[in-house]
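Engineer: Before I ask anything, let me first share the structure, which is written out below as structure tokens.
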Amino acid sequence: MDFLDNIVLPQSAHHMELLRGLLSITLIILIPYLSVLTGSLIFSILYLKKKKTSNNNYNYRFAKELIDLSTFNKSVAFGFGVIPFISAIFAYAQLLDKTSSYLPYYVSVAFVFFLIALLFIYTYKYAFHLKDIFNFVSTEKIQSEADESTEEEFEKYSSAANRIFKKFAGWGLLFLLIADYKLISSIQLSLNPGLWEPNPGFWSVLFSIPALVNFFNFLIVSLALTSIIVLYVYFRPNSIYKRNNDEYLSFVKQFALKSSLLFSLFVPVVIVLNILVLPTVALTNAVFLISLIAIILVLITGNYLYIMMKEGHLKYVPAATYVFILVIALIIFKNEYAFESATKKHFVVLATNYEEYSQKLKAELGGKEKTVSGEEIYKTRCMACHRFETKLVGPPHLKVLPKYEGKEDKLIKFILNPVKVDPAYPSMPNQGLKPNEAKAVADYMLKVYEEKKKK
Ligand code: HEC
């Protein structure tokens with residue numbers, strides 16, 4: 001189990017921020033991709049199961065086009081799935097280093113299930129195309145006069161292909177849902193540091209209420225997003241799909257409008273449920289604000305869809321799509337904010353660890369004691385909790401520095417031995433700096449303060 005430990009290197013607070021940014025970007029790519037893959041597979045299977053209604057087998061054709069939607073070529077799976085998955089594992093392993101949390105391993109398990117699912121899904125997709133070839137050959141054959149034995153053999157292959165590809169869709173969906181579930185429950189776990197140590201058992205993570213609720217949320221969002229993407233792909237201005245015959249297009253339109261309206265109406269519920277299951281450490285004003293904006297945007301999307309349905313046109317397809325994609329981005333960003341506040345405390349541990357590590361490294365390299373740089377100490381130690389302009393764990397430094405103007409001694413004294421000052425904040429832990437280091441930081445802070453004051 002320690003292959004992940006080997007890739008982890010202690011990181012400075014600065015790098016940690018970068019990693020958290022990388023993780024956000026990764027999830028913003030990975031989660032919508034998984035949603036559309038899951039949604040289109042579910043719809044495709046449903047349409048495949050529907051009986052032929054008329055001579056025009058639209059159900060079958062739509063099932064095929066649906067799966068092509070999320071797998072239009074192989075690099076999609078690679079760029080939107082495989083690479084983001086690997087970077088997420090890496091980022092979580094770094095960010096949760098020094099906790100004994102198994103979270104990075106859970107994400108790795110999700111990744112393995114995802115890879116297996118991909119194999120099944122792509123086979124399902126190609127089986128469709130294979131079947132097309134069989135169909136093509138059989139219509140050709142009616143015209144030419146083939147002998148009986150080739151015909152029999154042909155039938156055999158054709159029905160074998162048929163059976164296989166239905167099975168593959170089912171297996172693909174099963175593995176994909178497990179991968180989704182593992183990933184979603186891991187993200188949920190990342191928001192709750194209280195659960196990192198001691199590790200909750202495998203089963204209690206698997207079946208925790210927040211994980212189940214969020215998985216349900218994920219499914220709703222997947223179905224809504226997929227339906228809206230179908231609308232966009234078929235009906236945006238100058239879509240190549242518009243060349244299809246009208247009867248088929250109105251078949252697709254009916255499905256896409258109805259199901260996007262239906263599922264997007266559930267999305268506000270999803271957002272509220274999502275807040276209800278967030279651990280209290282992760283609840284910040286930003287989280288509430290983002291959720292509120294997301295709800296308003298969903299209502300706008302719903303409104304567009306409703307108007308189009310009522311008035312029978314498709315003018316607002318691009319607008320509805322863009323607004324809804326913004327909603328998805330906000331939902332994911334909200335989780336990232338929540339993760340940020342959840343990990344604040346842990347970042348202090350990591351920053352301290354980095355400090356020890358780099359000192360050890362310097363000693364090992366036999367380097368001379370470097371002259372202490374106030375800026376460096378500030379960035380690696382203090383920035384875990386402070387910024388100059390904004391409030392983090394501690395107050396913004398520009399706010400507290402006026403009272404230390406011209407009283408550097410007092411500031412050094414506070415840094416060496418912090419005492420309780422403002423009841424609105426927790427106490428600042430002693431940073432264990434040496435006196436010369438404290439002086440260097442104090443110099444640096446007052447210098448920055450003077451510079452900012454001049455502006
Ligand atoms: C673990 C988080 C954390 C770290 C790391 C941290 N601080 Fe603080 N700091 C706080 C908190 C919380 C407060 C508010 C304390 C209070 O008001 O009682 C604070 C307050 C302060 C204040 C204001 C004191 C006052 O008089 O209002 C200064 C100055 C300060 N910190 C400097 C530093 C410096 C310099 C470093 C780096 C060497 C540092 N802090 C590292 C959490 C931290």
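Letters A, B, ... mark the chains of the structure tokens in the order given; residue numbers begin at 1 per chain; ligand numbers begin at 1, in order shown.
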What residues of the protein or nucleic acid chains come within 9 Å of ligand 1 when you use only C-alpha atoms and all ligand atoms? Reply as a VMD selection string.

Structural biologist: chain A and resid 344 to 345 347 to 349 351 to 352 374 377 to 386 392 to 397 399 to 401 403 to 404 410 to 412 414 to 416 418 to 433 437 to 438 441 to 442 445

Engineer: Any idea what's packed within 6 Å of Val36 in chain A, counting only C-alpha atoms, ignoring anything in its chain fewer than 3 positions away? Could you give it as a PDB file with N, CA, C and O atoms, in the first residue's frame?

Structural biologist:
ATOM      1  N   TYR A  33     -16.897  15.049 -17.279  1.00  0.00           N
ATOM      2  CA  TYR A  33     -16.667  13.958 -18.242  1.00  0.00           C
ATOM      3  C   TYR A  33     -17.339  12.677 -17.755  1.00  0.00           C
ATOM      4  O   TYR A  33     -18.062  12.015 -18.497  1.00  0.00           O
ATOM      5  N   GLY A  39     -24.196   9.346 -17.956  1.00  0.00           N
ATOM      6  CA  GLY A  39     -25.533   9.685 -18.447  1.00  0.00           C
ATOM      7  C   GLY A  39     -25.786   9.098 -19.822  1.00  0.00           C
ATOM      8  O   GLY A  39     -26.831   8.491 -20.067  1.00  0.00           O
ATOM      9  N   SER A  40     -24.810   9.217 -20.725  1.00  0.00           N
ATOM     10  CA  SER A  40     -25.082   8.742 -22.084  1.00  0.00           C
ATOM     11  C   SER A  40     -25.137   7.221 -22.116  1.00  0.00           C
ATOM     12  O   SER A  40     -25.912   6.647 -22.882  1.00  0.00           O
ATOM     13  N   SER A 222     -25.793  14.099 -13.771  1.00  0.00           N
ATOM     14  CA  SER A 222     -25.349  13.415 -14.988  1.00  0.00           C
ATOM     15  C   SER A 222     -26.464  13.357 -16.016  1.00  0.00           C
ATOM     16  O   SER A 222     -26.244  13.637 -17.199  1.00  0.00           O
ATOM     17  N   THR A 226     -26.287  15.375 -19.485  1.00  0.00           N
ATOM     18  CA  THR A 226     -26.287  14.627 -20.736  1.00  0.00           C
ATOM     19  C   THR A 226     -27.438  15.072 -21.632  1.00  0.00           C
ATOM     20  O   THR A 226     -27.248  15.292 -22.833  1.00  0.00           O
TER      21      THR A 226
END

Engineer: I'd like to know which of A:Lys334, A:Lys156, A:Lys131, A:Lys452 is closest to Leu191 in chain A, using only C-alpha atoms.

Structural biologist: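 Counting only C-alpha atoms, the residue closest to Leu191 in chain A is A:Lys334.
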
Engineer: If you measure from CA of Phe43 in chain A to CA of Leu265 in chain A, what distance in Å do you get, rounded to one decimal?

Structural biologist: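 Computing it gives 18.3 Å between the two atoms.
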
Engineer: How many Å lie between CA of Ala169 in chain A and CA of Ile187 in chain A, rounded to one decimal?

Structural biologist: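 According to the coordinates, CA of Ala169 in chain A and CA of Ile187 in chain A are separated by 26.7 Å.
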
Engineer: May I have the residues within 8 Å of Pro210 in chain A as a VMD selection string, using only C-alpha atoms and disregarding those fewer than 2 positions away in the same chain?

Structural biologist: chain A and resid 185 188 208 212 to 214 277 to 278

Engineer: Limited to all heavy atoms, could you put the picked residues into a file as a PDB file, in the first residue's frame?

Structural biologist:
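Result file is result03.pdb:
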ATOM      1  N   SER A 185     -17.473   9.436  -3.138  1.00  0.00           N
ATOM      2  CA  SER A 185     -17.377   9.281  -1.693  1.00  0.00           C
ATOM      3  C   SER A 185     -16.005   9.740  -1.204  1.00  0.00           C
ATOM      4  O   SER A 185     -15.879  10.233  -0.078  1.00  0.00           O
ATOM      5  CB  SER A 185     -17.688   7.845  -1.258  1.00  0.00           C
ATOM      6  OG  SER A 185     -16.850   6.945  -1.923  1.00  0.00           O
ATOM      7  N   GLN A 188     -16.145  13.512  -0.921  1.00  0.00           N
ATOM      8  CA  GLN A 188     -16.897  13.830   0.284  1.00  0.00           C
ATOM      9  C   GLN A 188     -16.016  13.662   1.528  1.00  0.00           C
ATOM     10  O   GLN A 188     -15.988  14.492   2.417  1.00  0.00           O
ATOM     11  CB  GLN A 188     -18.131  12.922   0.360  1.00  0.00           C
ATOM     12  CG  GLN A 188     -19.023  13.182   1.552  1.00  0.00           C
ATOM     13  CD  GLN A 188     -19.633  14.584   1.489  1.00  0.00           C
ATOM     14  OE1 GLN A 188     -19.873  15.104   0.406  1.00  0.00           O
ATOM     15  NE2 GLN A 188     -19.861  15.194   2.631  1.00  0.00           N
ATOM     16  N   SER A 208     -21.645   5.684   3.956  1.00  0.00           N
ATOM     17  CA  SER A 208     -22.027   6.830   4.766  1.00  0.00           C
ATOM     18  C   SER A 208     -23.150   7.583   4.057  1.00  0.00           C
ATOM     19  O   SER A 208     -23.235   7.575   2.827  1.00  0.00           O
ATOM     20  CB  SER A 208     -20.821   7.748   4.972  1.00  0.00           C
ATOM     21  OG  SER A 208     -20.577   8.481   3.808  1.00  0.00           O
ATOM     22  N   LEU A 212     -23.778   8.551   0.006  1.00  0.00           N
ATOM     23  CA  LEU A 212     -24.940   8.095  -0.760  1.00  0.00           C
ATOM     24  C   LEU A 212     -25.709   9.270  -1.348  1.00  0.00           C
ATOM     25  O   LEU A 212     -26.111   9.253  -2.507  1.00  0.00           O
ATOM     26  CB  LEU A 212     -25.862   7.252   0.130  1.00  0.00           C
ATOM     27  CG  LEU A 212     -25.325   5.856   0.457  1.00  0.00           C
ATOM     28  CD1 LEU A 212     -26.150   5.186   1.540  1.00  0.00           C
ATOM     29  CD2 LEU A 212     -25.308   4.993  -0.802  1.00  0.00           C
ATOM     30  N   VAL A 213     -25.893  10.311  -0.509  1.00  0.00           N
ATOM     31  CA  VAL A 213     -26.623  11.490  -0.992  1.00  0.00           C
ATOM     32  C   VAL A 213     -25.902  12.102  -2.182  1.00  0.00           C
ATOM     33  O   VAL A 213     -26.511  12.432  -3.200  1.00  0.00           O
ATOM     34  CB  VAL A 213     -26.753  12.532   0.147  1.00  0.00           C
ATOM     35  CG1 VAL A 213     -27.237  13.866  -0.409  1.00  0.00           C
ATOM     36  CG2 VAL A 213     -27.707  12.025   1.207  1.00  0.00           C
ATOM     37  N   ASN A 214     -24.580  12.220  -2.071  1.00  0.00           N
ATOM     38  CA  ASN A 214     -23.848  12.848  -3.164  1.00  0.00           C
ATOM     39  C   ASN A 214     -23.808  11.997  -4.415  1.00  0.00           C
ATOM     40  O   ASN A 214     -23.714  12.513  -5.522  1.00  0.00           O
ATOM     41  CB  ASN A 214     -22.427  13.206  -2.731  1.00  0.00           C
ATOM     42  CG  ASN A 214     -22.427  14.557  -2.074  1.00  0.00           C
ATOM     43  OD1 ASN A 214     -23.210  15.417  -2.433  1.00  0.00           O
ATOM     44  ND2 ASN A 214     -21.569  14.730  -1.093  1.00  0.00           N
ATOM     45  N   VAL A 277     -25.219  17.962   3.746  1.00  0.00           N
ATOM     46  CA  VAL A 277     -24.322  16.886   4.168  1.00  0.00           C
ATOM     47  C   VAL A 277     -22.862  17.342   4.305  1.00  0.00           C
ATOM     48  O   VAL A 277     -22.003  16.551   4.625  1.00  0.00           O
ATOM     49  CB  VAL A 277     -24.385  15.656   3.226  1.00  0.00           C
ATOM     50  CG1 VAL A 277     -25.770  15.046   3.265  1.00  0.00           C
ATOM     51  CG2 VAL A 277     -23.983  16.014   1.816  1.00  0.00           C
ATOM     52  N   LEU A 278     -22.598  18.638   4.073  1.00  0.00           N
ATOM     53  CA  LEU A 278     -21.229  19.107   4.278  1.00  0.00           C
ATOM     54  C   LEU A 278     -20.907  19.149   5.767  1.00  0.00           C
ATOM     55  O   LEU A 278     -21.738  19.559   6.560  1.00  0.00           O
ATOM     56  CB  LEU A 278     -21.064  20.529   3.722  1.00  0.00           C
ATOM     57  CG  LEU A 278     -20.782  20.713   2.244  1.00  0.00           C
ATOM     58  CD1 LEU A 278     -20.589  22.194   1.956  1.00  0.00           C
ATOM     59  CD2 LEU A 278     -19.548  19.949   1.828  1.00  0.00           C
TER      60      LEU A 278
END

Engineer: Give me the residues within 9 Å of Leu19 in chain A as a PyMOL selection string, counting only C-alpha atoms and dropping any in the same chain fewer than 5 places off.

Structural biologist: chain A and resi 14+24+91-92+94-95

Engineer: Store the residues picked out above in a file with C-alpha atoms, as a tab-separated table (two decimals), in the first residue's frame.

Structural biologist:
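Writing the result to result01.tsv gives the following:
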chain	number	residue	atom	x	y	z
A	14	HIS	CA	3.25	27.75	-1.83
A	24	SER	CA	-9.68	21.95	-8.78
A	91	ALA	CA	-2.70	15.76	-5.70
A	92	TYR	CA	-4.64	14.04	-2.94
A	94	GLN	CA	0.42	15.21	-1.59
A	95	LEU	CA	-2.25	17.25	0.13

Engineer: Any idea what's packed within 10 Å of range 337-339 of chain A, counting only C-alpha atoms, ignoring anything in its chain fewer than 2 positions away? Could you give it as a PDB file with N, CA, C and O atoms, in the first residue's frame?

Structural biologist:
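Everything below was put into selection-v9.pdb:
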ATOM      1  N   ARG A  20      -3.512  22.511  -4.845  1.00  0.00           N
ATOM      2  CA  ARG A  20      -4.951  22.588  -4.642  1.00  0.00           C
ATOM      3  C   ARG A  20      -5.613  23.161  -5.901  1.00  0.00           C
ATOM      4  O   ARG A  20      -6.679  22.722  -6.305  1.00  0.00           O
ATOM      5  N   SER A  24      -8.412  21.361  -8.331  1.00  0.00           N
ATOM      6  CA  SER A  24      -9.683  21.951  -8.779  1.00  0.00           C
ATOM      7  C   SER A  24      -9.848  21.798 -10.280  1.00  0.00           C
ATOM      8  O   SER A  24     -10.902  21.381 -10.753  1.00  0.00           O
ATOM      9  N   ILE A 187     -14.284  12.285  -2.512  1.00  0.00           N
ATOM     10  CA  ILE A 187     -14.314  13.747  -2.475  1.00  0.00           C
ATOM     11  C   ILE A 187     -15.058  14.191  -1.217  1.00  0.00           C
ATOM     12  O   ILE A 187     -14.631  15.100  -0.506  1.00  0.00           O
ATOM     13  N   GLN A 188     -16.145  13.512  -0.921  1.00  0.00           N
ATOM     14  CA  GLN A 188     -16.897  13.830   0.284  1.00  0.00           C
ATOM     15  C   GLN A 188     -16.016  13.662   1.528  1.00  0.00           C
ATOM     16  O   GLN A 188     -15.988  14.492   2.417  1.00  0.00           O
ATOM     17  N   LEU A 189     -15.258  12.584   1.539  1.00  0.00           N
ATOM     18  CA  LEU A 189     -14.377  12.314   2.676  1.00  0.00           C
ATOM     19  C   LEU A 189     -13.311  13.407   2.802  1.00  0.00           C
ATOM     20  O   LEU A 189     -12.932  13.806   3.906  1.00  0.00           O
ATOM     21  N   SER A 190     -12.845  13.917   1.664  1.00  0.00           N
ATOM     22  CA  SER A 190     -11.788  14.934   1.712  1.00  0.00           C
ATOM     23  C   SER A 190     -12.263  16.194   2.419  1.00  0.00           C
ATOM     24  O   SER A 190     -11.466  16.980   2.907  1.00  0.00           O
ATOM     25  N   LEU A 191     -13.580  16.405   2.467  1.00  0.00           N
ATOM     26  CA  LEU A 191     -14.096  17.626   3.071  1.00  0.00           C
ATOM     27  C   LEU A 191     -14.215  17.512   4.578  1.00  0.00           C
ATOM     28  O   LEU A 191     -14.560  18.461   5.258  1.00  0.00           O
ATOM     29  N   ASN A 192     -13.969  16.336   5.094  1.00  0.00           N
ATOM     30  CA  ASN A 192     -14.193  16.134   6.526  1.00  0.00           C
ATOM     31  C   ASN A 192     -12.951  15.592   7.228  1.00  0.00           C
ATOM     32  O   ASN A 192     -12.800  14.386   7.400  1.00  0.00           O
ATOM     33  N   PRO A 193     -12.049  16.509   7.646  1.00  0.00           N
ATOM     34  CA  PRO A 193     -10.781  16.066   8.241  1.00  0.00           C
ATOM     35  C   PRO A 193     -11.015  15.200   9.477  1.00  0.00           C
ATOM     36  O   PRO A 193     -10.178  14.375   9.810  1.00  0.00           O
ATOM     37  N   ILE A 275     -25.319  20.844   0.502  1.00  0.00           N
ATOM     38  CA  ILE A 275     -24.908  21.683   1.631  1.00  0.00           C
ATOM     39  C   ILE A 275     -25.235  20.995   2.941  1.00  0.00           C
ATOM     40  O   ILE A 275     -24.439  21.009   3.887  1.00  0.00           O
ATOM     41  N   LEU A 278     -22.598  18.638   4.073  1.00  0.00           N
ATOM     42  CA  LEU A 278     -21.229  19.107   4.278  1.00  0.00           C
ATOM     43  C   LEU A 278     -20.907  19.149   5.767  1.00  0.00           C
ATOM     44  O   LEU A 278     -21.738  19.559   6.560  1.00  0.00           O
ATOM     45  N   PRO A 279     -19.704  18.717   6.125  1.00  0.00           N
ATOM     46  CA  PRO A 279     -19.327  18.830   7.533  1.00  0.00           C
ATOM     47  C   PRO A 279     -19.200  20.309   7.924  1.00  0.00           C
ATOM     48  O   PRO A 279     -18.897  21.143   7.065  1.00  0.00           O
ATOM     49  N   THR A 280     -19.443  20.632   9.201  1.00  0.00           N
ATOM     50  CA  THR A 280     -19.464  22.037   9.602  1.00  0.00           C
ATOM     51  C   THR A 280     -18.162  22.778   9.319  1.00  0.00           C
ATOM     52  O   THR A 280     -18.192  23.952   8.974  1.00  0.00           O
ATOM     53  N   VAL A 281     -17.009  22.086   9.410  1.00  0.00           N
ATOM     54  CA  VAL A 281     -15.755  22.793   9.126  1.00  0.00           C
ATOM     55  C   VAL A 281     -15.714  23.322   7.706  1.00  0.00           C
ATOM     56  O   VAL A 281     -14.975  24.253   7.410  1.00  0.00           O
ATOM     57  N   ALA A 282     -16.487  22.701   6.826  1.00  0.00           N
ATOM     58  CA  ALA A 282     -16.402  23.091   5.423  1.00  0.00           C
ATOM     59  C   ALA A 282     -17.406  24.177   5.061  1.00  0.00           C
ATOM     60  O   ALA A 282     -17.411  24.683   3.962  1.00  0.00           O
ATOM     61  N   LEU A 283     -18.267  24.538   6.011  1.00  0.00           N
ATOM     62  CA  LEU A 283     -19.301  25.520   5.694  1.00  0.00           C
ATOM     63  C   LEU A 283     -18.767  26.933   5.855  1.00  0.00           C
ATOM     64  O   LEU A 283     -18.485  27.380   6.955  1.00  0.00           O
ATOM     65  N   THR A 284     -18.621  27.630   4.747  1.00  0.00           N
ATOM     66  CA  THR A 284     -18.180  29.017   4.852  1.00  0.00           C
ATOM     67  C   THR A 284     -19.165  29.871   4.070  1.00  0.00           C
ATOM     68  O   THR A 284     -19.989  29.346   3.322  1.00  0.00           O
ATOM     69  N   ASN A 285     -19.047  31.170   4.221  1.00  0.00           N
ATOM     70  CA  ASN A 285     -19.950  32.058   3.490  1.00  0.00           C
ATOM     71  C   ASN A 285     -19.816  31.865   1.990  1.00  0.00           C
ATOM     72  O   ASN A 285     -20.799  31.908   1.259  1.00  0.00           O
ATOM     73  N   ALA A 286     -18.565  31.668   1.552  1.00  0.00           N
ATOM     74  CA  ALA A 286     -18.356  31.499   0.113  1.00  0.00           C
ATOM     75  C   ALA A 286     -19.154  30.303  -0.392  1.00  0.00           C
ATOM     76  O   ALA A 286     -19.758  30.351  -1.464  1.00  0.00           O
ATOM     77  N   VAL A 287     -19.180  29.241   0.387  1.00  0.00           N
ATOM     78  CA  VAL A 287     -19.912  28.035  -0.018  1.00  0.00           C
ATOM     79  C   VAL A 287     -21.399  28.343  -0.186  1.00  0.00           C
ATOM     80  O   VAL A 287     -22.030  27.960  -1.170  1.00  0.00           O
ATOM     81  N   ILE A 290     -21.887  30.693  -3.341  1.00  0.00           N
ATOM     82  CA  ILE A 290     -21.759  29.988  -4.621  1.00  0.00           C
ATOM     83  C   ILE A 290     -22.993  29.122  -4.861  1.00  0.00           C
ATOM     84  O   ILE A 290     -23.534  29.075  -5.965  1.00  0.00           O
ATOM     85  N   ILE A 332     -18.849  22.290  -8.536  1.00  0.00           N
ATOM     86  CA  ILE A 332     -17.548  21.685  -8.260  1.00  0.00           C
ATOM     87  C   ILE A 332     -16.640  22.668  -7.513  1.00  0.00           C
ATOM     88  O   ILE A 332     -15.976  22.306  -6.543  1.00  0.00           O
ATOM     89  N   PHE A 333     -16.673  23.934  -7.937  1.00  0.00           N
ATOM     90  CA  PHE A 333     -15.869  24.949  -7.252  1.00  0.00           C
ATOM     91  C   PHE A 333     -16.250  25.063  -5.791  1.00  0.00           C
ATOM     92  O   PHE A 333     -15.404  25.248  -4.919  1.00  0.00           O
ATOM     93  N   LYS A 334     -17.541  24.943  -5.540  1.00  0.00           N
ATOM     94  CA  LYS A 334     -18.014  25.038  -4.170  1.00  0.00           C
ATOM     95  C   LYS A 334     -17.361  23.964  -3.308  1.00  0.00           C
ATOM     96  O   LYS A 334     -16.902  24.229  -2.202  1.00  0.00           O
ATOM     97  N   ASN A 335     -17.284  22.765  -3.854  1.00  0.00           N
ATOM     98  CA  ASN A 335     -16.623  21.701  -3.103  1.00  0.00           C
ATOM     99  C   ASN A 335     -15.161  22.019  -2.874  1.00  0.00           C
ATOM    100  O   ASN A 335     -14.589  21.674  -1.843  1.00  0.00           O
ATOM    101  N   SER A 341     -11.296  25.155   3.143  1.00  0.00           N
ATOM    102  CA  SER A 341     -11.432  25.470   4.565  1.00  0.00           C
ATOM    103  C   SER A 341     -11.247  24.229   5.422  1.00  0.00           C
ATOM    104  O   SER A 341     -10.767  24.303   6.539  1.00  0.00           O
ATOM    105  N   ALA A 342     -11.598  23.075   4.837  1.00  0.00           N
ATOM    106  CA  ALA A 342     -11.416  21.845   5.614  1.00  0.00           C
ATOM    107  C   ALA A 342      -9.943  21.531   5.836  1.00  0.00           C
ATOM    108  O   ALA A 342      -9.562  20.932   6.835  1.00  0.00           O
ATOM    109  N   THR A 343      -9.084  21.932   4.894  1.00  0.00           N
ATOM    110  CA  THR A 343      -7.685  21.533   5.000  1.00  0.00           C
ATOM    111  C   THR A 343      -6.792  22.597   5.624  1.00  0.00           C
ATOM    112  O   THR A 343      -5.598  22.407   5.737  1.00  0.00           O
ATOM    113  N   LYS A 344      -7.388  23.736   6.008  1.00  0.00           N
ATOM    114  CA  LYS A 344      -6.571  24.818   6.540  1.00  0.00           C
ATOM    115  C   LYS A 344      -5.649  24.363   7.664  1.00  0.00           C
ATOM    116  O   LYS A 344      -4.460  24.654   7.671  1.00  0.00           O
TER     117      LYS A 344
END

Engineer: Any idea what's packed within 10 Å of Lys258 in chain A, counting only C-alpha atoms, ignoring anything in its chain fewer than 3 positions away? Could you give it as a ChimeraX atom specification?

Structural biologist: /A:227-228,253-255,261-263,305-306,309
